[in-house]
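Everything below belongs to coords_2.txt, which stores compact mmCIF, C-alpha atoms.
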```
# COMPACT_ATOMS: atom_id res chain seq x y z
CA MET A 27 31.80 0.96 17.35
CA SER A 28 30.41 3.56 19.73
CA THR A 29 29.28 7.13 19.67
CA SER A 30 31.99 9.70 19.11
CA ALA A 31 32.67 11.83 22.17
CA HIS A 32 33.55 14.91 20.12
CA ARG A 33 30.65 16.71 18.53
CA ARG A 34 30.10 20.24 17.42
CA SER A 35 28.11 22.36 19.83
CA ALA A 36 25.79 24.66 17.89
CA PRO A 37 22.41 26.35 18.26
CA LEU A 38 19.64 23.78 18.24
CA ASP A 39 17.77 23.50 14.93
CA LEU A 40 14.23 23.96 16.28
CA GLU A 41 12.63 23.57 12.85
CA ALA A 42 14.28 20.19 12.37
CA LEU A 43 13.25 19.12 15.87
CA GLU A 44 9.67 20.22 15.23
CA ALA A 45 9.40 17.91 12.21
CA ILE A 46 10.41 14.97 14.41
CA THR A 47 8.05 15.85 17.25
CA ASP A 48 5.21 16.32 14.74
CA ALA A 49 5.81 12.78 13.48
CA VAL A 50 5.75 11.48 17.06
CA GLU A 51 2.62 13.39 18.06
CA SER A 52 0.70 12.46 14.91
CA GLY A 53 1.21 8.76 15.56
CA ALA A 54 2.65 8.33 12.06
CA GLY A 55 4.81 5.46 13.28
CA LEU A 56 8.44 4.78 13.99
CA PRO A 57 9.55 4.66 10.31
CA GLU A 58 8.29 8.20 9.72
CA VAL A 59 9.89 9.40 12.95
CA VAL A 60 13.22 7.93 11.85
CA ARG A 61 12.92 9.50 8.37
CA ALA A 62 12.30 12.89 9.96
CA ALA A 63 15.29 12.35 12.25
CA ALA A 64 17.50 11.40 9.31
CA ARG A 65 16.57 14.62 7.52
CA ALA A 66 17.24 16.67 10.65
CA LEU A 67 20.63 15.05 11.31
CA GLU A 68 21.58 14.79 7.62
CA ALA A 69 22.47 11.17 8.26
CA SER A 70 21.47 7.63 7.37
CA LEU A 71 19.78 5.86 10.27
CA ALA A 72 18.69 2.35 11.21
CA VAL A 73 16.86 1.39 14.38
CA SER A 74 16.66 -2.11 15.81
CA ASP A 75 15.13 -3.44 19.02
CA SER A 76 17.02 -5.16 21.81
CA ALA A 77 16.62 -8.52 20.07
CA GLY A 78 18.27 -7.16 16.92
CA HIS A 79 15.12 -6.94 14.77
CA VAL A 80 15.24 -3.97 12.40
CA LEU A 81 12.34 -1.62 13.11
CA ALA A 82 13.03 1.34 10.82
CA VAL A 83 15.59 2.50 8.25
CA ALA A 84 16.17 5.84 6.58
CA ALA A 85 18.94 5.44 3.99
CA ARG A 86 19.77 6.98 0.63
CA SER A 87 19.70 3.69 -1.27
CA THR A 88 19.42 -0.05 -0.79
CA SER A 89 23.22 -0.35 -0.86
CA ASP A 90 23.49 2.38 1.77
CA GLU A 91 20.94 0.49 3.87
CA ALA A 92 22.85 -2.79 3.50
CA SER A 93 26.10 -1.12 4.56
CA LEU A 94 24.38 0.56 7.47
CA LEU A 95 22.91 -2.69 8.78
CA ALA A 96 26.25 -4.47 8.30
CA ASP A 97 28.05 -1.84 10.42
CA GLY A 98 30.05 -0.65 7.43
CA SER A 99 32.55 2.16 7.18
CA GLY A 100 31.60 5.30 9.10
CA VAL A 101 28.68 3.69 10.95
CA GLU A 102 28.29 4.54 14.63
CA LEU A 103 26.27 2.45 17.08
CA ILE A 104 24.29 4.28 19.74
CA GLU A 105 22.53 2.37 22.49
CA LEU A 106 18.91 3.38 22.94
CA ARG A 107 17.77 3.48 26.56
CA VAL A 108 14.64 4.30 28.52
CA SER A 109 15.03 4.78 32.28
CA ASP A 110 18.52 3.26 32.03
CA ALA A 111 17.12 0.09 30.47
CA PRO A 112 18.38 -0.74 26.95
CA VAL A 113 15.59 -0.96 24.36
CA GLY A 114 17.55 -1.08 21.12
CA THR A 115 20.31 0.30 18.93
CA LEU A 116 20.58 3.26 16.60
CA ARG A 117 22.99 2.87 13.67
CA LEU A 118 24.08 6.21 12.25
CA ARG A 119 26.24 7.33 9.36
CA ALA A 120 26.56 11.11 9.28
CA ARG A 121 27.08 13.02 6.04
CA GLY A 122 28.59 15.98 7.88
CA GLU A 123 29.33 17.29 11.34
CA LEU A 124 26.59 16.47 13.85
CA ASP A 125 24.85 18.79 16.26
CA GLY A 126 25.38 17.10 19.61
CA SER A 127 22.34 18.62 21.31
CA LEU A 128 20.03 17.65 18.46
CA LEU A 129 21.47 14.14 18.40
CA ARG A 130 20.77 13.65 22.11
CA LEU A 131 17.20 14.84 21.76
CA VAL A 132 16.65 12.70 18.66
CA THR A 133 18.05 9.65 20.41
CA THR A 134 15.72 10.23 23.36
CA LEU A 135 12.65 10.56 21.12
CA ILE A 136 13.53 7.48 19.12
CA SER A 137 14.17 5.49 22.32
CA SER A 138 10.71 6.38 23.57
CA GLU A 139 9.14 5.34 20.25
CA VAL A 140 10.99 2.01 20.28
CA GLU A 141 9.81 1.34 23.83
CA ARG A 142 6.24 2.20 22.82
CA VAL A 143 6.01 -0.06 19.78
CA ARG A 144 8.18 -3.02 20.69
CA ALA A 145 6.27 -6.28 20.93
CA PRO A 146 6.90 -9.03 23.48
CA SER A 147 7.82 -11.42 20.69
CA ARG A 148 8.01 -11.52 16.90
CA ALA A 149 6.53 -14.22 14.73
CA SER A 150 8.67 -15.59 11.97
CA ALA A 151 7.68 -14.66 8.43
CA GLU A 152 6.91 -18.32 7.72
CA ALA A 153 4.64 -18.71 10.75
CA ALA A 154 2.80 -15.48 9.96
CA GLU A 155 2.32 -16.60 6.36
CA VAL A 156 0.87 -19.97 7.43
CA PHE A 157 -1.55 -18.35 9.86
CA LEU A 158 -2.74 -15.59 7.53
CA SER A 159 -3.07 -18.01 4.61
CA ALA A 160 -5.28 -20.24 6.74
CA LEU A 161 -7.30 -17.22 7.79
CA LEU A 162 -7.83 -16.07 4.20
CA ALA A 163 -8.73 -19.59 3.08
CA ARG A 164 -11.36 -19.81 5.87
CA GLU A 165 -9.63 -22.82 7.37
CA LEU A 166 -9.97 -21.43 10.90
CA ASP A 167 -13.61 -22.16 11.63
CA SER A 168 -14.20 -20.29 14.88
CA ALA A 169 -13.31 -17.15 16.79
CA GLU A 170 -11.47 -19.31 19.32
CA ALA A 171 -9.28 -20.87 16.60
CA VAL A 172 -8.40 -17.48 15.14
CA THR A 173 -7.67 -15.98 18.55
CA ALA A 174 -5.52 -18.93 19.61
CA GLY A 175 -3.58 -18.90 16.34
CA ALA A 176 -2.86 -15.19 16.70
CA LEU A 177 -1.77 -15.59 20.33
CA GLU A 178 0.72 -18.28 19.34
CA LEU A 179 2.39 -15.62 17.20
CA GLY A 180 2.39 -13.00 19.96
CA THR A 181 -0.63 -11.10 18.64
CA SER A 182 -3.63 -10.28 20.81
CA LEU A 183 -7.01 -9.60 19.23
CA GLU A 184 -8.60 -8.28 22.42
CA ARG A 185 -8.58 -4.73 21.01
CA GLY A 186 -10.22 -5.83 17.77
CA ALA A 187 -8.47 -5.82 14.40
CA SER A 188 -8.44 -4.47 10.87
CA MET A 189 -7.19 -6.08 7.67
CA ILE A 190 -5.05 -4.21 5.14
CA VAL A 191 -4.03 -5.34 1.66
CA VAL A 192 -1.00 -3.64 0.13
CA ARG A 193 -0.21 -3.91 -3.60
CA ALA A 194 3.17 -2.84 -4.95
CA HIS A 195 3.81 -2.55 -8.69
CA ALA A 196 7.38 -2.50 -9.98
CA HIS A 197 7.89 -0.20 -12.97
CA VAL A 198 11.62 -0.90 -13.18
CA ALA A 199 13.68 -4.06 -13.36
CA ALA A 200 13.88 -5.62 -9.89
CA GLY A 201 16.04 -8.34 -8.39
CA GLU A 202 14.99 -11.67 -6.96
CA GLY A 203 14.74 -10.28 -3.45
CA ARG A 204 12.12 -7.67 -4.33
CA ARG A 205 9.13 -9.56 -2.91
CA ALA A 206 10.94 -10.17 0.35
CA ARG A 207 11.87 -6.50 0.56
CA VAL A 208 8.27 -5.45 -0.04
CA LEU A 209 7.21 -7.67 2.86
CA SER A 210 9.98 -6.35 5.09
CA LEU A 211 9.02 -2.72 4.46
CA VAL A 212 5.30 -3.36 4.99
CA ASP A 213 5.90 -5.33 8.18
CA ARG A 214 8.27 -2.68 9.49
CA ALA A 215 5.77 0.13 8.93
CA ALA A 216 2.78 -1.80 10.32
CA ARG A 217 4.66 -2.74 13.48
CA GLY A 218 5.80 0.85 13.81
CA VAL A 219 2.16 1.80 14.41
CA VAL A 220 0.76 -1.35 16.07
CA ALA A 221 3.59 -3.45 17.44
CA ASP A 222 2.02 -6.93 17.38
CA SER A 223 0.59 -6.78 13.87
CA LEU A 224 1.23 -9.59 11.38
CA SER A 225 2.14 -9.35 7.69
CA ALA A 226 2.57 -11.94 4.93
CA LEU A 227 2.95 -12.07 1.17
CA THR A 228 0.14 -13.74 -0.72
CA ALA A 229 0.80 -16.21 -3.51
CA PRO A 230 2.22 -14.54 -6.66
CA ARG A 231 -0.55 -12.96 -8.74
CA GLU A 232 -1.30 -13.67 -12.39
CA LEU A 233 -1.98 -9.94 -12.69
CA PRO A 234 0.73 -7.31 -12.16
CA GLY A 235 1.81 -6.46 -8.64
CA ASP A 236 2.63 -8.18 -5.36
CA ASP A 237 0.14 -8.29 -2.50
CA VAL A 238 0.92 -8.23 1.21
CA VAL A 239 -1.89 -8.85 3.69
CA VAL A 240 -1.64 -7.24 7.11
CA LEU A 241 -3.57 -8.13 10.26
CA LEU A 242 -3.48 -4.88 12.23
CA ALA A 243 -4.09 -5.78 15.87
CA SER A 244 -6.34 -2.81 16.64
CA GLY A 245 -10.00 -2.00 16.11
CA ASP A 246 -9.27 1.74 16.03
CA ASP A 247 -10.21 2.96 12.55
CA ALA A 248 -8.11 6.13 12.85
CA LEU A 249 -5.10 4.01 13.81
CA ALA A 250 -5.71 1.76 10.81
CA ALA A 251 -5.78 4.83 8.56
CA ARG A 252 -2.44 6.00 9.99
CA ALA A 253 -0.97 2.54 9.53
CA ALA A 254 -2.03 2.45 5.87
CA GLU A 255 -0.42 5.83 5.23
CA ALA A 256 2.72 4.78 7.11
CA ILE A 257 2.99 1.63 5.00
CA ARG A 258 2.61 3.58 1.76
CA GLY A 259 5.22 6.11 2.88
CA GLU A 260 7.68 3.38 3.82
CA LEU A 261 7.26 1.59 0.48
CA LEU A 262 7.58 4.75 -1.62
CA SER A 263 10.66 5.72 0.37
CA GLY A 264 12.30 2.30 0.25
CA LEU A 265 11.32 1.09 -3.24
CA ALA A 266 12.38 3.25 -6.16
CA GLY A 267 10.32 2.93 -9.33
CA HIS A 268 7.26 1.41 -7.66
CA SER A 269 3.65 2.46 -7.27
CA VAL A 270 1.67 1.48 -4.20
CA THR A 271 -2.06 0.93 -3.68
CA ILE A 272 -3.63 0.07 -0.33
CA GLY A 273 -7.08 -1.08 0.77
CA ARG A 274 -8.27 -1.45 4.34
CA SER A 275 -11.29 -3.05 5.93
CA ARG A 276 -13.74 -1.84 8.52
CA PRO A 277 -12.70 -2.50 12.13
CA CYS A 278 -13.61 -6.01 13.22
CA ASP A 279 -14.48 -7.02 16.81
CA ASP A 280 -15.25 -10.66 16.04
CA PRO A 281 -12.14 -12.72 15.15
CA ALA A 282 -14.38 -15.14 13.24
CA GLN A 283 -15.15 -12.31 10.78
CA LEU A 284 -11.53 -11.50 9.92
CA ASP A 285 -11.75 -13.45 6.66
CA ARG A 286 -14.64 -11.19 5.70
CA ALA A 287 -12.55 -8.16 6.68
CA ALA A 288 -9.75 -9.43 4.44
CA ALA A 289 -12.23 -9.62 1.55
CA GLU A 290 -13.22 -6.00 2.26
CA ALA A 291 -9.57 -4.89 2.16
CA LEU A 292 -9.01 -6.80 -1.09
CA LEU A 293 -12.06 -5.21 -2.69
CA ALA A 294 -10.87 -1.78 -1.57
CA VAL A 295 -7.37 -2.24 -3.01
CA ASN A 296 -8.82 -3.51 -6.30
CA VAL A 297 -11.10 -0.48 -6.56
CA ALA A 298 -8.30 1.89 -5.55
CA GLU A 299 -6.10 0.50 -8.30
CA GLY A 300 -8.36 2.11 -10.87
CA ASP A 301 -8.41 5.46 -9.07
CA ASP A 302 -5.17 7.45 -9.35
CA GLU A 303 -6.48 10.10 -6.97
CA ARG A 304 -7.09 7.70 -4.07
CA PRO A 305 -4.19 5.24 -3.72
CA VAL A 306 -5.27 4.44 -0.14
CA LEU A 307 -8.92 3.45 0.12
CA ALA A 308 -11.11 2.23 2.98
CA PHE A 309 -13.86 -0.29 2.29
CA GLU A 310 -16.46 2.26 3.36
CA GLN A 311 -15.22 4.59 0.59
CA THR A 312 -15.88 2.09 -2.20
CA GLY A 313 -19.51 3.20 -2.71
CA ALA A 314 -21.59 0.94 -4.96
CA TYR A 315 -18.69 -1.49 -5.28
CA ARG A 316 -19.57 -2.73 -1.80
CA LEU A 317 -22.61 -4.45 -3.31
CA LEU A 318 -20.26 -6.78 -5.21
CA LEU A 319 -18.37 -7.94 -2.11
CA SER A 320 -20.44 -11.10 -1.71
CA ALA A 321 -19.98 -11.97 -5.36
CA MET A 322 -16.22 -11.49 -5.09
CA ALA A 323 -15.92 -13.50 -1.86
CA ASP A 324 -18.48 -16.24 -2.51
CA ASN A 325 -18.78 -16.59 -6.27
CA PRO A 326 -15.83 -14.95 -8.06
CA GLU A 327 -16.29 -17.17 -11.13
CA GLU A 328 -19.71 -15.66 -11.78
CA LEU A 329 -18.17 -12.20 -11.49
CA ARG A 330 -15.45 -13.19 -13.99
CA ARG A 331 -18.10 -14.52 -16.40
CA PHE A 332 -19.97 -11.23 -16.26
CA TYR A 333 -16.73 -9.36 -16.90
CA ALA A 334 -16.01 -11.65 -19.86
CA GLU A 335 -19.48 -11.01 -21.30
CA THR A 336 -19.23 -7.25 -21.07
CA VAL A 337 -15.91 -5.41 -21.17
CA GLU A 338 -13.23 -8.08 -21.54
CA PRO A 339 -13.28 -7.80 -25.38
CA LEU A 340 -12.57 -4.08 -25.00
CA VAL A 341 -9.67 -4.73 -22.62
CA ALA A 342 -8.18 -7.24 -25.07
CA TYR A 343 -8.60 -4.83 -28.00
CA ASP A 344 -6.97 -1.97 -26.10
CA GLU A 345 -4.08 -4.20 -25.14
CA GLN A 346 -3.55 -5.44 -28.67
CA TYR A 347 -3.88 -2.14 -30.51
CA GLU A 348 -2.94 0.35 -27.77
CA THR A 349 -6.31 2.06 -28.08
CA ASP A 350 -8.49 3.87 -25.56
CA LEU A 351 -11.87 2.16 -25.82
CA MET A 352 -12.11 1.42 -22.09
CA LEU A 353 -11.14 4.96 -21.15
CA THR A 354 -13.71 6.28 -23.60
CA VAL A 355 -16.48 4.10 -22.15
CA GLU A 356 -15.60 5.11 -18.58
CA THR A 357 -15.54 8.78 -19.50
CA PHE A 358 -18.77 8.51 -21.51
CA LEU A 359 -20.57 6.98 -18.51
CA GLU A 360 -19.11 9.61 -16.15
CA ALA A 361 -20.37 12.31 -18.58
CA ASP A 362 -23.93 10.88 -18.33
CA GLY A 363 -23.85 9.64 -21.92
CA ASN A 364 -22.99 13.01 -23.42
CA VAL A 365 -20.70 12.71 -26.46
CA ALA A 366 -19.64 16.37 -26.46
CA GLY A 367 -18.84 16.21 -22.75
CA THR A 368 -16.85 13.02 -23.27
CA ALA A 369 -14.85 14.60 -26.09
CA GLN A 370 -14.10 17.64 -23.95
CA ARG A 371 -12.85 15.50 -21.04
CA LEU A 372 -10.70 13.37 -23.34
CA PHE A 373 -9.33 16.37 -25.26
CA THR A 374 -10.37 14.80 -28.54
CA HIS A 375 -12.97 15.31 -31.29
CA ARG A 376 -16.56 14.15 -30.83
CA HIS A 377 -16.37 12.23 -34.13
CA THR A 378 -13.50 10.23 -32.62
CA VAL A 379 -15.65 9.48 -29.56
CA ARG A 380 -18.53 8.31 -31.77
CA TYR A 381 -16.19 6.06 -33.75
CA ARG A 382 -14.84 4.48 -30.58
CA LEU A 383 -18.33 3.88 -29.18
CA GLU A 384 -19.28 2.15 -32.44
CA ARG A 385 -16.24 -0.09 -32.03
CA VAL A 386 -17.41 -0.84 -28.49
CA ARG A 387 -20.76 -2.04 -29.80
CA ASP A 388 -19.13 -4.12 -32.53
CA LEU A 389 -16.70 -5.78 -30.12
CA CYS A 390 -18.88 -6.57 -27.11
CA GLY A 391 -22.42 -6.30 -28.45
CA HIS A 392 -23.55 -3.65 -25.97
CA ASP A 393 -24.85 -0.36 -27.35
CA VAL A 394 -24.07 2.64 -25.16
CA GLY A 395 -27.01 4.37 -26.82
CA SER A 396 -29.41 2.17 -24.84
CA SER A 397 -29.97 2.28 -21.07
CA ASP A 398 -29.55 -1.51 -20.89
CA GLY A 399 -26.21 -1.32 -22.72
CA ARG A 400 -24.93 1.46 -20.47
CA GLU A 401 -26.03 -0.43 -17.35
CA LYS A 402 -24.26 -3.64 -18.39
CA LEU A 403 -21.08 -1.84 -19.35
CA SER A 404 -21.12 0.08 -16.07
CA LEU A 405 -21.48 -3.15 -14.09
CA GLY A 406 -18.81 -4.76 -16.26
CA LEU A 407 -16.40 -1.96 -15.38
CA LYS A 408 -17.20 -2.42 -11.70
CA ALA A 409 -16.66 -6.17 -11.97
CA MET A 410 -13.31 -5.52 -13.64
CA ARG A 411 -12.14 -3.27 -10.82
CA VAL A 412 -13.47 -5.57 -8.09
CA LEU A 413 -11.50 -8.42 -9.67
CA GLY A 414 -8.38 -6.25 -9.66
CA ILE A 415 -7.93 -6.27 -13.43
CA PRO A 416 -6.06 -3.12 -14.55
CA ARG A 417 -7.22 -1.14 -17.56
CA ARG A 418 -4.60 -1.26 -20.30
CA GLY A 419 -4.14 0.79 -23.44
CA GLY A 420 -1.91 3.46 -24.81
CA PRO A 421 -1.52 6.52 -26.94
CA ALA A 422 -1.76 4.92 -30.36
CA GLY A 423 -4.80 5.71 -32.49
CA GLU A 424 -7.34 3.10 -33.51
CA PRO A 425 -7.02 1.49 -36.96
CA GLY A 426 -8.94 3.59 -39.44
CA LEU A 427 -8.44 6.87 -37.65
CA SER A 428 -6.19 9.56 -38.97
CA GLY A 429 -6.00 11.49 -35.75
CA GLY A 430 -8.26 13.53 -33.56
CA ARG A 431 -6.67 12.70 -30.24
CA VAL A 432 -5.19 15.69 -28.49
CA SER A 433 -2.77 15.27 -25.63
CA LYS A 434 -3.92 16.61 -22.30
CA PRO A 435 -1.81 19.57 -21.25
CA HIS A 436 0.44 19.19 -18.20
```
Spit out the file's structure as structure tokens when you get a sec.
Amino acid sequence: MSTSAHRRSAPLDLEALEAITDAVESGAGLPEVVRAAARALEASLAVSDSAGHVLAVAARSTSDEASLLADGSGVELIELRVSDAPVGTLRLRARGELDGSLLRLVTTLISSEVERVRAPSRASAEAAEVFLSALLARELDSAEAVTAGALELGTSLERGASMIVVRAHAHVAAGEGRRARVLSLVDRAARGVVADSLSALTAPRELPGDDVVVLLASGDDALAARAAEAIRGELLSGLAGHSVTIGRSRPCDDPAQLDRAAAEALLAVNVAEGDDERPVLAFEQTGAYRLLLSAMADNPEELRRFYAETVEPLVAYDEQYETDLMLTVETFLEADGNVAGTAQRLFTHRHTVRYRLERVRDLCGHDVGSSDGREKLSLGLKAMRVLGIPRRGGPAGEPGLSGGRVSKPH
């Protein structure tokens, strides 16, 4: 199929065009540019490079995306060119009559973005997984080995690198291909910002969520921040009913230290998972949690033992009885040990807070009334987050309570 020759001529929608140019100028990445273009054209779009690799999709649903990529009914194919050289293909399914002038400008902008981000070659998912798994397992024992392994996959580390860990939680029933789709969306967004980046799924977790590790082939911290935001935007757009948390490392100039950078990104994503206000977190934003990086990387079993000796009984109790002991402890510590302040933050009665804190002491043996007890529980909470263990619980009241918990207003 080819582009229709008959299109409506109408005044150019400058506001729609501005949204696209803003995405280009901000460096948000090709996926965001294509989403802005889809909104402006009121169409579903898919962009692939000259080798046929899909670089970005903006569709209304997964079935719409599948039909678009399969050249289904109503799909038009537009060749993307830069200086008369083909760089890729735009697949388009319009939901109404198209503005010809806007389409030409959009096609030109997208062509330029494709030319900017396209890589000389693309590693297979299997090859990227093998390389990144070896990197994370510290099986590549020198900077030369890491650099050579990356080059074999078409990735240069001359500009430095950053590591990103992406965690996607499904809150709805998902099909067997969900993990592969998570990887595809992450890889697409990362390459939309830094073309020769590598992405791979990690082994399935015992805890909820799927992790994708990304080697971003750039030591530019601002670029890494844009890539993390682009990845989150792509996942939230392409995966209904999912939540997304992302951690990123400090820039790394020494390829031999990339395993350490991966540990930084993992620590950041684990800490971010307990912070609803910061779903994308840099290692440098983790504060005191940074002190536990060595324990997580070098002796995670000791960290797990400390967690088990402090707050694990509270996690198990909350999970079994749908109580809020962990939330109460966290809030109590944030309120500097003030019961009235804790009750106010939790929208509940101070007698309820006191009862819960007594249950905490009975279950784990640590008294929040003592500085030693508060210190151990605080470190236990940090160990829990560093290990990536989510806090569970629910709205039910503890056994023995008749009420006292007031819902927070929305």
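For the pair CA of Val192 (chain A) and CA of Ala291 (chain A), the interatomic distance is 8.9 Å.
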From the options A:Arg371, A:Arg185, A:Arg117, A:Arg258, which residue's atoms come nearest to Glu91 (chain A), counting all atoms listed in the file? A:Arg117
Dig up all the protein and nucleic acid residues within 9 Å of (-2.7, -5.1, 3.8) in the file frame, using only C-alpha atoms, and format them as an MDAnalysis selection string. chainID A and resid 189:193 212 225:226 237:242 254 257 272:274 288 291:292 295
Could you turn the residues from that selection into a file that holds C-alpha atoms, as a short mmCIF file (atom, residue, chain, number, x, y, z; two decimals), in the coordinates of the input?
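Final output, saved to selection21.cif:
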```cif
data_model
loop_
_atom_site.label_atom_id
_atom_site.label_comp_id
_atom_site.auth_asym_id
_atom_site.auth_seq_id
_atom_site.Cartn_x
_atom_site.Cartn_y
_atom_site.Cartn_z
CA MET A 189 -7.19 -6.08 7.67
CA ILE A 190 -5.05 -4.21 5.14
CA VAL A 191 -4.03 -5.34 1.66
CA VAL A 192 -1.00 -3.64 0.13
CA ARG A 193 -0.21 -3.91 -3.60
CA VAL A 212 5.30 -3.36 4.99
CA SER A 225 2.14 -9.35 7.69
CA ALA A 226 2.57 -11.94 4.93
CA ASP A 237 0.14 -8.29 -2.50
CA VAL A 238 0.92 -8.23 1.21
CA VAL A 239 -1.89 -8.85 3.69
CA VAL A 240 -1.64 -7.24 7.11
CA LEU A 241 -3.57 -8.13 10.26
CA LEU A 242 -3.48 -4.88 12.23
CA ALA A 254 -2.03 2.45 5.87
CA ILE A 257 2.99 1.63 5.00
CA ILE A 272 -3.63 0.07 -0.33
CA GLY A 273 -7.08 -1.08 0.77
CA ARG A 274 -8.27 -1.45 4.34
CA ALA A 288 -9.75 -9.43 4.44
CA ALA A 291 -9.57 -4.89 2.16
CA LEU A 292 -9.01 -6.80 -1.09
CA VAL A 295 -7.37 -2.24 -3.01
#
```
Can you tell me which residues surround Gly406 (chain A) at a distance of at most 6 Å, considering only C-alpha atoms, apart from same-chain residues fewer than 5 positions away, and format the answer as an mmCIF file with C-alpha atoms, keeping the file's coordinate frame?
```
data_model
loop_
_atom_site.group_PDB
_atom_site.id
_atom_site.type_symbol
_atom_site.label_atom_id
_atom_site.label_comp_id
_atom_site.auth_asym_id
_atom_site.auth_seq_id
_atom_site.Cartn_x
_atom_site.Cartn_y
_atom_site.Cartn_z
ATOM 1 C CA TYR A 333 -16.730 -9.360 -16.900
ATOM 2 C CA THR A 336 -19.230 -7.250 -21.070
ATOM 3 C CA VAL A 337 -15.910 -5.410 -21.170
#
```
Which distance in Å separates CA of Ser159 (chain A) and CA of Ala82 (chain A), to one decimal? 25.9 Å
A straight line from CA of Arg214 (chain A) to CA of Asp280 (chain A) spans 25.7 Å
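Candidate residues A:Val83, A:Ile104, A:Ala248, A:Val386 were compared for distance to Asp350 (chain A), and the nearest is A:Val386, using only C-alpha atoms.
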Selected residue of minimal separation from Ala187 (chain A) among A:Arg252, A:Arg107, A:Arg130, A:Arg276, counting all atoms listed in the file: A:Arg276
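Using only C-alpha atoms, the smallest distance between any of A:Gln346, A:Leu103, A:Arg385, A:Ala62 and Ala49 (chain A) comes from A:Ala62.
Minimum distance to Pro234 (chain A) across A:Pro416, A:Val140, A:Ser52, A:Val306 (counting only C-alpha atoms) occurs at A:Pro416.
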With all atoms listed in the file as the basis for distance, which of A:Leu177, A:Ala151, A:Ile46, A:Met410 is at the shortest distance from Val132 (chain A)? A:Ile46
